[in-house]
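Participant: Got a file for you: coords_24.cif, mmCIF, C-alpha atoms and all ligand atoms.
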```
data_run
#
loop_
_atom_site.label_atom_id
_atom_site.label_comp_id
_atom_site.auth_asym_id
_atom_site.auth_seq_id
_atom_site.Cartn_x
_atom_site.Cartn_y
_atom_site.Cartn_z
CA MET A 1 -141.82 98.08 265.92
CA ASN A 2 -144.19 100.99 266.68
CA ASP A 3 -143.21 104.65 266.05
CA TYR A 4 -141.87 106.74 268.94
CA ILE A 5 -144.37 109.55 269.69
CA PHE A 6 -141.71 112.30 269.55
CA ASP A 7 -140.09 111.09 266.26
CA GLU A 8 -141.42 114.12 264.35
CA ASN A 9 -140.25 116.73 266.87
CA SER A 10 -137.55 119.11 265.56
CA LYS A 11 -133.97 118.38 266.65
CA GLU A 12 -133.55 121.54 268.78
CA ARG A 13 -136.95 121.28 270.41
CA GLU A 14 -136.53 117.59 271.24
CA LEU A 15 -133.11 118.33 272.77
CA ARG A 16 -134.67 120.99 275.02
CA ARG A 17 -137.46 118.60 276.01
CA LEU A 18 -135.02 115.76 276.81
CA GLN A 19 -132.84 118.11 278.87
CA LEU A 20 -135.90 119.05 280.93
CA VAL A 21 -136.59 115.32 281.47
CA GLU A 22 -133.02 115.06 282.79
CA ARG A 23 -133.30 118.08 285.09
CA ALA A 24 -136.52 116.68 286.53
CA ASN A 25 -135.22 113.14 287.13
CA ASP A 26 -131.43 112.81 287.24
CA LEU A 27 -130.91 113.27 290.99
CA THR A 28 -133.36 110.43 291.72
CA SER A 29 -131.88 108.18 289.02
CA ILE A 30 -128.30 108.76 290.19
CA ALA A 31 -129.22 107.90 293.80
CA LEU A 32 -130.78 104.63 292.56
CA LEU A 33 -127.75 103.80 290.41
CA GLU A 34 -125.44 104.41 293.40
CA GLU A 35 -127.47 101.84 295.39
CA THR A 36 -126.07 99.10 293.12
CA GLY A 37 -122.60 99.74 294.57
CA MET A 38 -121.18 100.51 291.16
CA GLU A 39 -117.42 100.83 290.87
CA PRO A 40 -114.74 102.08 288.47
CA GLY A 41 -114.20 99.49 285.74
CA TRP A 42 -117.85 98.41 285.47
CA HIS A 43 -119.44 97.92 282.05
CA CYS A 44 -122.73 99.86 281.86
CA LEU A 45 -125.49 100.30 279.28
CA GLU A 46 -127.81 103.30 279.06
CA LEU A 47 -130.88 102.09 277.15
CA GLY A 48 -132.50 104.97 275.22
CA ALA A 49 -129.77 107.44 276.16
CA GLY A 50 -131.71 110.50 274.92
CA ALA A 51 -129.74 113.71 275.54
CA GLY A 52 -127.12 111.69 277.40
CA SER A 53 -126.76 113.13 280.94
CA ILE A 54 -126.97 109.72 282.66
CA LEU A 55 -124.67 108.16 280.05
CA ARG A 56 -122.08 110.89 280.72
CA TRP A 57 -122.47 110.37 284.47
CA LEU A 58 -121.98 106.59 284.04
CA GLY A 59 -118.86 107.24 281.96
CA GLN A 60 -117.39 109.50 284.64
CA ARG A 61 -118.24 107.00 287.35
CA VAL A 62 -116.72 103.90 285.65
CA GLY A 63 -113.62 105.80 284.40
CA SER A 64 -111.17 104.83 281.69
CA SER A 65 -111.00 101.18 282.79
CA GLY A 66 -114.77 100.83 282.37
CA LEU A 67 -117.31 101.00 279.56
CA ALA A 68 -120.36 103.27 279.16
CA VAL A 69 -122.50 102.22 276.20
CA GLY A 70 -125.34 104.42 274.97
CA MET A 71 -128.02 102.94 272.72
CA ASP A 72 -130.73 104.96 270.99
CA LYS A 73 -132.41 105.21 267.60
CA ASN A 74 -131.53 108.92 267.73
CA THR A 75 -127.90 109.52 268.67
CA ALA A 76 -127.80 113.17 267.52
CA TYR A 77 -127.32 114.43 271.08
CA LEU A 78 -124.50 112.01 271.97
CA GLN A 79 -121.88 113.25 269.52
CA ASP A 80 -119.47 114.24 272.31
CA CYS A 81 -119.40 110.68 273.72
CA THR A 82 -116.81 109.33 271.30
CA SER A 83 -113.74 108.39 273.33
CA THR A 84 -113.03 105.86 276.10
CA PRO A 85 -115.01 104.78 278.11
CA PHE A 86 -117.94 105.62 275.76
CA LYS A 87 -119.41 103.60 272.89
CA ILE A 88 -122.55 104.66 271.05
CA TYR A 89 -124.86 102.29 269.17
CA LYS A 90 -127.49 103.82 266.89
CA GLY A 91 -130.58 101.75 266.10
CA THR A 92 -133.67 100.21 267.58
CA PHE A 93 -133.25 98.23 270.78
CA LEU A 94 -134.11 94.86 269.27
CA ASN A 95 -132.07 95.27 266.08
CA VAL A 96 -128.71 96.39 267.44
CA THR A 97 -126.24 93.65 268.34
CA LEU A 98 -124.09 94.51 271.34
CA PRO A 99 -120.87 92.46 271.68
CA HIS A 100 -120.69 93.15 275.41
CA ALA A 101 -121.83 91.77 278.77
CA PHE A 102 -122.83 94.37 281.35
CA ASP A 103 -122.52 94.85 285.10
CA LEU A 104 -125.30 97.48 285.04
CA ILE A 105 -128.13 98.50 282.70
CA HIS A 106 -130.27 101.62 283.16
CA GLY A 107 -133.41 102.55 281.23
CA ARG A 108 -135.71 105.49 281.99
CA TYR A 109 -138.99 106.26 280.20
CA VAL A 110 -138.26 103.85 277.34
CA LEU A 111 -140.35 100.69 277.85
CA ILE A 112 -143.68 102.60 277.91
CA HIS A 113 -142.99 103.66 274.31
CA ASN A 114 -142.52 100.11 273.02
CA GLN A 115 -145.15 97.48 272.23
CA SER A 116 -142.32 94.91 272.22
CA ASP A 117 -141.36 95.77 275.81
CA MET A 118 -141.13 92.11 276.92
CA ASP A 119 -138.73 91.26 274.05
CA ILE A 120 -136.61 94.25 275.10
CA LEU A 121 -136.59 93.07 278.72
CA HIS A 122 -135.57 89.54 277.66
CA LYS A 123 -132.74 91.03 275.58
CA MET A 124 -131.58 93.19 278.52
CA PHE A 125 -131.62 90.10 280.76
CA SER A 126 -129.41 88.23 278.29
CA LEU A 127 -126.97 91.18 278.11
CA LEU A 128 -126.37 91.26 281.88
CA LYS A 129 -123.59 89.28 283.55
CA PRO A 130 -124.83 86.80 286.20
CA GLY A 131 -125.29 88.88 289.38
CA GLY A 132 -125.45 92.05 287.25
CA TRP A 133 -127.75 94.95 288.14
CA ALA A 134 -130.42 96.89 286.26
CA VAL A 135 -132.51 99.94 287.12
CA PHE A 136 -135.69 100.59 285.13
CA GLU A 137 -137.84 103.70 285.64
CA GLU A 138 -141.22 104.09 283.97
CA PRO A 139 -144.22 106.44 284.32
CA ASP A 140 -147.90 105.98 285.10
CA PHE A 141 -149.96 108.77 283.52
CA THR A 142 -153.24 107.56 285.05
CA SER A 143 -151.91 108.81 288.44
CA ALA A 144 -152.57 112.38 287.27
CA THR A 145 -156.31 111.76 287.57
CA LEU A 146 -155.98 111.29 291.37
CA MET A 147 -155.90 115.05 291.92
CA GLU A 148 -158.74 116.07 289.61
CA GLN A 149 -161.60 117.71 291.45
CA ASP A 150 -163.48 118.74 288.31
CA ALA A 151 -163.53 116.05 285.62
CA LYS A 152 -164.54 118.66 283.05
CA SER A 153 -161.61 121.04 283.62
CA SER A 154 -159.03 121.53 280.85
CA GLN A 155 -156.44 119.85 283.07
CA ALA A 156 -158.64 116.77 283.48
CA ARG A 157 -159.50 116.62 279.78
CA VAL A 158 -155.85 116.81 278.73
CA ASN A 159 -154.92 114.13 281.28
CA GLN A 160 -157.59 111.85 279.79
CA ALA A 161 -156.33 112.61 276.26
CA ILE A 162 -152.73 111.73 277.22
CA CYS A 163 -153.87 108.32 278.48
CA GLN A 164 -156.07 107.72 275.42
CA MET A 165 -153.23 108.63 273.04
CA PHE A 166 -151.15 105.81 274.53
CA VAL A 167 -154.08 103.38 274.29
CA ASN A 168 -154.68 104.38 270.63
CA ALA A 169 -151.02 103.60 269.90
CA GLY A 170 -151.36 100.12 271.45
CA LEU A 171 -149.40 101.22 274.54
CA ASP A 172 -150.21 101.25 278.27
CA PRO A 173 -150.49 104.73 279.91
CA ALA A 174 -150.20 103.03 283.33
CA TYR A 175 -147.04 101.13 282.30
CA ALA A 176 -145.30 101.64 285.66
CA LEU A 177 -147.92 99.56 287.47
CA SER A 178 -146.95 96.37 285.62
CA LEU A 179 -143.18 97.02 285.64
CA PRO A 180 -142.17 94.90 288.70
CA ARG A 181 -144.28 91.94 287.50
CA LYS A 182 -142.86 92.15 283.96
CA LEU A 183 -139.30 92.31 285.28
CA GLU A 184 -139.92 89.13 287.30
CA GLN A 185 -141.45 87.45 284.24
CA ALA A 186 -138.27 88.27 282.29
CA GLY A 187 -136.21 86.47 284.96
CA PHE A 188 -134.92 89.38 287.06
CA HIS A 189 -134.90 89.31 290.87
CA VAL A 190 -136.49 92.51 292.24
CA GLU A 191 -134.30 94.06 294.95
CA ARG A 192 -136.33 97.23 295.59
CA ALA A 193 -139.08 99.32 294.00
CA GLN A 194 -140.18 102.88 294.72
CA SER A 195 -142.81 105.19 293.26
CA ILE A 196 -142.72 108.98 293.22
CA MET A 197 -145.76 111.18 292.60
CA HIS A 198 -144.81 114.21 290.55
CA LEU A 199 -146.91 116.77 292.42
CA CYS A 200 -145.22 119.93 291.19
CA PRO A 201 -145.72 123.69 290.94
CA GLY A 202 -145.94 125.28 287.50
CA ASN A 203 -142.60 126.26 285.95
CA SER A 204 -140.73 123.43 287.73
CA PRO A 205 -138.70 121.15 285.40
CA MET A 206 -141.35 118.39 285.49
CA ALA A 207 -144.23 120.81 284.82
CA LYS A 208 -142.22 122.30 281.95
CA VAL A 209 -141.54 118.86 280.37
CA ILE A 210 -145.20 117.93 280.44
CA GLY A 211 -146.28 121.37 279.19
CA GLU A 212 -143.74 121.23 276.35
CA SER A 213 -144.84 117.67 275.48
CA ALA A 214 -148.46 118.90 275.29
CA LEU A 215 -147.42 121.58 272.78
CA VAL A 216 -145.49 119.08 270.64
CA LEU A 217 -148.23 116.42 270.80
CA GLU A 218 -151.22 118.79 270.56
CA GLN A 219 -152.56 117.12 267.41
CA GLN A 220 -152.34 113.61 268.85
CA TYR A 221 -154.05 114.72 272.10
CA CYS A 222 -156.86 116.51 270.23
CA HIS A 223 -157.20 113.56 267.82
CA THR A 224 -158.47 111.45 270.76
CA GLY A 225 -161.60 113.68 270.81
CA LEU A 226 -161.16 114.17 274.57
CA CYS A 227 -159.66 117.69 274.56
CA SER A 228 -159.51 120.78 272.35
CA PRO A 229 -156.68 123.19 271.37
CA LYS A 230 -158.19 125.60 273.94
CA ASP A 231 -157.80 122.95 276.67
CA ILE A 232 -154.15 122.49 275.65
CA GLN A 233 -153.60 126.26 275.83
CA GLN A 234 -155.06 126.37 279.37
CA TYR A 235 -153.11 123.25 280.42
CA VAL A 236 -149.82 124.72 279.16
CA SER A 237 -150.40 128.09 280.80
CA LEU A 238 -151.11 126.38 284.16
CA SER A 239 -147.89 124.35 283.73
CA GLN A 240 -146.05 127.71 283.58
CA ASP A 241 -147.80 129.26 286.61
CA PRO A 242 -145.69 128.83 289.79
CA THR A 243 -148.78 129.24 291.99
CA HIS A 244 -150.56 126.28 290.34
CA TRP A 245 -149.83 122.80 291.74
CA ALA A 246 -150.67 119.77 289.62
CA LEU A 247 -150.08 116.02 289.67
CA TYR A 248 -148.48 115.22 286.29
CA HIS A 249 -147.75 111.49 286.58
CA SER A 250 -145.90 109.08 288.86
CA THR A 251 -142.66 107.26 288.19
CA THR A 252 -141.90 103.77 289.46
CA SER A 253 -138.23 102.82 289.67
CA VAL A 254 -137.20 99.20 290.15
CA ILE A 255 -133.74 97.96 291.07
CA VAL A 256 -133.24 94.36 289.88
CA ARG A 257 -130.49 91.76 289.57
CA LYS A 258 -129.88 88.84 287.27
CA PRO A 259 -129.59 85.75 289.50
CA PHE A 260 -126.15 84.03 289.58
CA THR A 261 -127.70 80.70 288.56
C1 LIG B 1 -138.59 109.71 276.70
S1 LIG B 1 -137.00 109.58 276.01
C2 LIG B 1 -136.03 109.31 277.49
C3 LIG B 1 -134.58 109.58 277.29
C4 LIG B 1 -133.69 109.23 278.49
N1 LIG B 1 -133.81 107.82 278.82
C5 LIG B 1 -134.05 110.06 279.70
O1 LIG B 1 -134.86 109.60 280.54
O2 LIG B 1 -133.53 111.19 279.84
C6 LIG B 1 -136.98 107.96 275.24
C7 LIG B 1 -135.70 107.69 274.44
O3 LIG B 1 -135.72 106.32 274.04
C8 LIG B 1 -135.47 106.20 272.65
N2 LIG B 1 -136.20 105.00 272.20
C9 LIG B 1 -137.48 104.66 272.51
N3 LIG B 1 -137.78 103.46 271.97
C10 LIG B 1 -136.66 103.05 271.30
C11 LIG B 1 -136.34 101.87 270.57
N4 LIG B 1 -137.22 100.87 270.40
N5 LIG B 1 -135.08 101.76 270.05
C12 LIG B 1 -134.17 102.76 270.22
N6 LIG B 1 -134.42 103.89 270.91
C13 LIG B 1 -135.65 104.03 271.46
C14 LIG B 1 -135.95 107.51 272.04
O4 LIG B 1 -135.28 107.79 270.83
C15 LIG B 1 -135.61 108.52 273.15
O5 LIG B 1 -134.30 109.03 273.03
#
```
Output the structure of this file as C-alpha cells.
Ligand SMILES: C[S@@+](CC[C@H](N)C(=O)[O-])C[C@H]1O[C@@H](n2cnc3c(N)ncnc32)[C@H](O)[C@@H]1O
Facilitator:
Amino acid sequence: MNDYIFDENSKERELRRLQLVERANDLTSIALLEETGMEPGWHCLELGAGAGSILRWLGQRVGSSGLAVGMDKNTAYLQDCTSTPFKIYKGTFLNVTLPHAFDLIHGRYVLIHNQSDMDILHKMFSLLKPGGWAVFEEPDFTSATLMEQDAKSSQARVNQAICQMFVNAGLDPAYALSLPRKLEQAGFHVERAQSIMHLCPGNSPMAKVIGESALVLEQQYCHTGLCSPKDIQQYVSLSQDPTHWALYHSTTSVIVRKPFT
C-alpha cells in the first residue's frame, strides 16, 4: 500500500484541513446521500471517515436501530463516535475485516490516494447487500488548468506541480474522470453521476483547503521541479484574497447500486 500524502501532517493541522474539506463539500454529499432514500435502521459505512462529519450525520440519520461504521487508518478525530449506532475500525481499507453487510457506503476523496483503488472497490462491492447503494466522490486536479490564461503564472505552475506530485506517487491526478468506468468494472450499476467545478473566490472553504494543502505539501510540490517556494507563497496569498477567483479542481460524484442478482 502506498503512503497517504498527508500522513506527516501534525494532528491539529490535519484536523483543521479535514474540517475545511467538510465545510466545502458536506452539503453536496448529504444531498447525494439523501437521493438513495436512506431510512432509520440502515447499516452504513463511511470509507475514510476523516474528521467524521458525514459519519456523524449518517449516525443521526439511521438512529439507534441502525449502524454507522467509520473506517480510517487515522481514527484520532472520531473519538466521540463510541456508542450506538457508531462503530469505528482503525486500519487500512484492505486489511480491516468488517463483519457487516451494508445498505449504503460513502467514500469521498479516498480512492485518488490509493494505488490499489480497484481492490478497494471490489471489497466495497462485496460488503454491500444486494440492491445496496454507494456514493463515491473523487477529484480531478487537471480541471484547474482550464482557467489558466498565463501558463507561466504561479497559479499555473502550482497546478502543474499538484498534478505531477500525484503522477510521481503512482497516482492519477485526474482520478474522477475514470471513476464511473471503474465502478462499472467492479460490478456496480451507475444510477447517476454529476461533476462540480470548484470555481471559488479566495477565502472560501474550498480555496482555504487547497491553500492549506499547498502549505503542508510545499516540499512535495517543489520537489517536482515545476514550482518554487515563491510560487507557493503567491498561490496561497491568492487563495486568501476574496477578490481573486480561481478554479481549484472538479469533483465527480457517482451514485451506484449493487445489482440484486
Ligand atoms: C482527503 S481525506 C478525506 C476525508 C473524508 N472522506 C472527507 O472527505 O471529509 C482521506 C481520508 O482517507 C483516509 N485513507 C486514505 N487511504 C486510506 C487507506 N488505504 N486506508 C485507510 N484510510 C485511508 C485518510 O486517513 C484520510 O482520513
Participant: Could you please determine the separation between CA of Gly170 in chain A and CA of Ile210 in chain A in Å, to one decimal place?
Facilitator: 20.9 Å
Participant: Taking only C-alpha atoms and all ligand atoms and a cut-off of 6 Å, can you tell me which residues surround ligand LIG 1 (chain B), written as an NGL selection string?
Facilitator: :A and (18 or 21-22 or 48-50 or 72-74 or 91-93 or 107-110 or 113-114)
Participant: Between range 71-112 of chain A and range 119-139 of chain A, at 12 Å or less, what are the per-residue closest atom pairs and their distances in Å? Count all atoms listed in the file, order by chain and rising residue number, and return it as CSV.
Facilitator:
```
residue,atom,partner,partner_atom,distance
A:Met71,CA,A:Met124,CA,11.9
A:Thr92,CA,A:Ile120,CA,10.0
A:Phe93,CA,A:Ile120,CA,6.8
A:Leu94,CA,A:Ile120,CA,6.4
A:Asn95,CA,A:Ile120,CA,10.1
A:Val96,CA,A:Lys123,CA,10.5
A:Thr97,CA,A:Lys123,CA,10.1
A:Leu98,CA,A:Leu127,CA,8.1
A:Pro99,CA,A:Leu127,CA,9.0
A:His100,CA,A:Leu127,CA,7.1
A:Ala101,CA,A:Leu127,CA,5.2
A:Phe102,CA,A:Leu128,CA,4.7
A:Asp103,CA,A:Gly132,CA,4.6
A:Leu104,CA,A:Trp133,CA,4.7
A:Ile105,CA,A:Ala134,CA,4.5
A:His106,CA,A:Val135,CA,4.8
A:Gly107,CA,A:Phe136,CA,4.9
A:Arg108,CA,A:Glu137,CA,4.6
A:Tyr109,CA,A:Glu138,CA,4.9
A:Val110,CA,A:Glu138,CA,7.3
A:Leu111,CA,A:Glu138,CA,7.1
A:Ile112,CA,A:Glu138,CA,6.7
```
Participant: Could you pull out every residue with an atom within 12 Å of (-148.2, 130.6, 283.5), file coordinates, counting only C-alpha atoms, and send them as a PDB file with C-alpha atoms, in the frame of the given file?
Facilitator:
```
ATOM      1  CA  PRO A 201    -145.720 123.690 290.940  1.00  0.00           C
ATOM      2  CA  GLY A 202    -145.940 125.280 287.500  1.00  0.00           C
ATOM      3  CA  ASN A 203    -142.600 126.260 285.950  1.00  0.00           C
ATOM      4  CA  SER A 204    -140.730 123.430 287.730  1.00  0.00           C
ATOM      5  CA  ALA A 207    -144.230 120.810 284.820  1.00  0.00           C
ATOM      6  CA  LYS A 208    -142.220 122.300 281.950  1.00  0.00           C
ATOM      7  CA  GLY A 211    -146.280 121.370 279.190  1.00  0.00           C
ATOM      8  CA  GLN A 233    -153.600 126.260 275.830  1.00  0.00           C
ATOM      9  CA  GLN A 234    -155.060 126.370 279.370  1.00  0.00           C
ATOM     10  CA  TYR A 235    -153.110 123.250 280.420  1.00  0.00           C
ATOM     11  CA  VAL A 236    -149.820 124.720 279.160  1.00  0.00           C
ATOM     12  CA  SER A 237    -150.400 128.090 280.800  1.00  0.00           C
ATOM     13  CA  LEU A 238    -151.110 126.380 284.160  1.00  0.00           C
ATOM     14  CA  SER A 239    -147.890 124.350 283.730  1.00  0.00           C
ATOM     15  CA  GLN A 240    -146.050 127.710 283.580  1.00  0.00           C
ATOM     16  CA  ASP A 241    -147.800 129.260 286.610  1.00  0.00           C
ATOM     17  CA  PRO A 242    -145.690 128.830 289.790  1.00  0.00           C
ATOM     18  CA  THR A 243    -148.780 129.240 291.990  1.00  0.00           C
ATOM     19  CA  HIS A 244    -150.560 126.280 290.340  1.00  0.00           C
ATOM     20  CA  TRP A 245    -149.830 122.800 291.740  1.00  0.00           C
TER      21      TRP A 245
END
```
Participant: Name all residues at most 8 Å from range 64-70 of chain A (count all atoms listed in the file; drop same-chain ones fewer than 3 positions away) and give them as a list in words.
Facilitator: Pro40, Gly41, Trp42, His43, Cys44, Leu45, Glu46, Leu47, Gly48, Ala49, Gly52, Leu55, Arg56, Leu58, Gly59, Thr84, Pro85, Phe86, Lys87, Ile88 and Tyr89 of chain A
Participant: Please measure the separation of CA of Met147 in chain A and CA of Gln19 in chain A, giving the value in Å to one decimal.
Facilitator: 26.7 Å
Participant: With distances taken over all atoms listed in the file, which of A:Met206, A:Ile255, A:Ala151, A:Ala161 is nearest to Cys222 in chain A?
Facilitator: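 For Cys222 in chain A, the nearest of the candidates is A:Ala161.
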Participant: Would you list the contacts of Thr28 in chain A as a list of chain:residue names, taking every protein, DNA or RNA residue within 10 Å and counting all atoms listed in the file, but skipping same-chain residues closer than 5 positions in sequence?
Facilitator: A:Leu33, A:Ile196, A:Ser253
Participant: Which value, in Å to one decimal, gives the distance between CA of Ile232 in chain A and CA of Tyr248 in chain A?
Facilitator: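 A separation of 14.1 Å between them.
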Participant: Please return as a list in words every residue within 9 Å of (-165.2, 123.5, 279.6), taking into account only C-alpha atoms and the file's own coordinates.
Facilitator: Lys152, Ser153, Ser154, Arg157 and Asp231 of chain A
Participant: Give me the box for range 216-220 of chain A as lines of an AutoDock Vina configuration file, namely the centre and edge lengths in Å to one decimal of a box along x, y and z that holds every listed atom plus 8 Å on each side.
Facilitator:
```
center_x = -149.0
center_y = 116.3
center_z = 269.1
size_x = 23.1
size_y = 21.5
size_z = 19.4
```
Participant: Please identify all polymer residues within 6 Å of Leu199 in chain A, counting all atoms listed in the file, omitting same-chain residues fewer than 2 positions from it, and present them as a list of chain:residue names.
Facilitator: A:Met197, A:Ala246, A:Leu247
Participant: Out of A:Leu217, A:Ile162, A:Ala51, A:Ala174, which residue has the shortest atom-to-atom distance to Leu20 in chain A when counting all atoms listed in the file?
Facilitator: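 Closest candidate: A:Ala51.
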Participant: Select, from A:Arg61, A:Leu15, A:Asp117, A:Ile30, the residue with the minimum atom-to-atom distance to Leu78 in chain A, counting only C-alpha atoms.
Facilitator: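 Checking each of A:Arg61, A:Leu15, A:Asp117, A:Ile30 against Leu78 in chain A, counting only C-alpha atoms, the winner is A:Leu15.
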Participant: With all atoms listed in the file as the atoms that count, which of A:Ser213, A:Ser195, A:Asn9, A:Gln219 lies nearest to Ser250 in chain A?
Facilitator: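 Smallest separation from Ser250 in chain A among the options: A:Ser195.
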Participant: Could you tell me which of A:Lys230, A:Ala76, A:Val254, A:Gln149 comes closest to Glu14 in chain A if we count all atoms listed in the file?
Facilitator: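 For Glu14 in chain A, the nearest of the given residues is A:Ala76.
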Participant: For His189 in chain A, which residue among A:Gln60, A:Gln155, A:Thr261, A:Asn25 is the nearest when counting all atoms listed in the file?
Facilitator: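 Closest to His189 in chain A, using all atoms listed in the file: A:Thr261.
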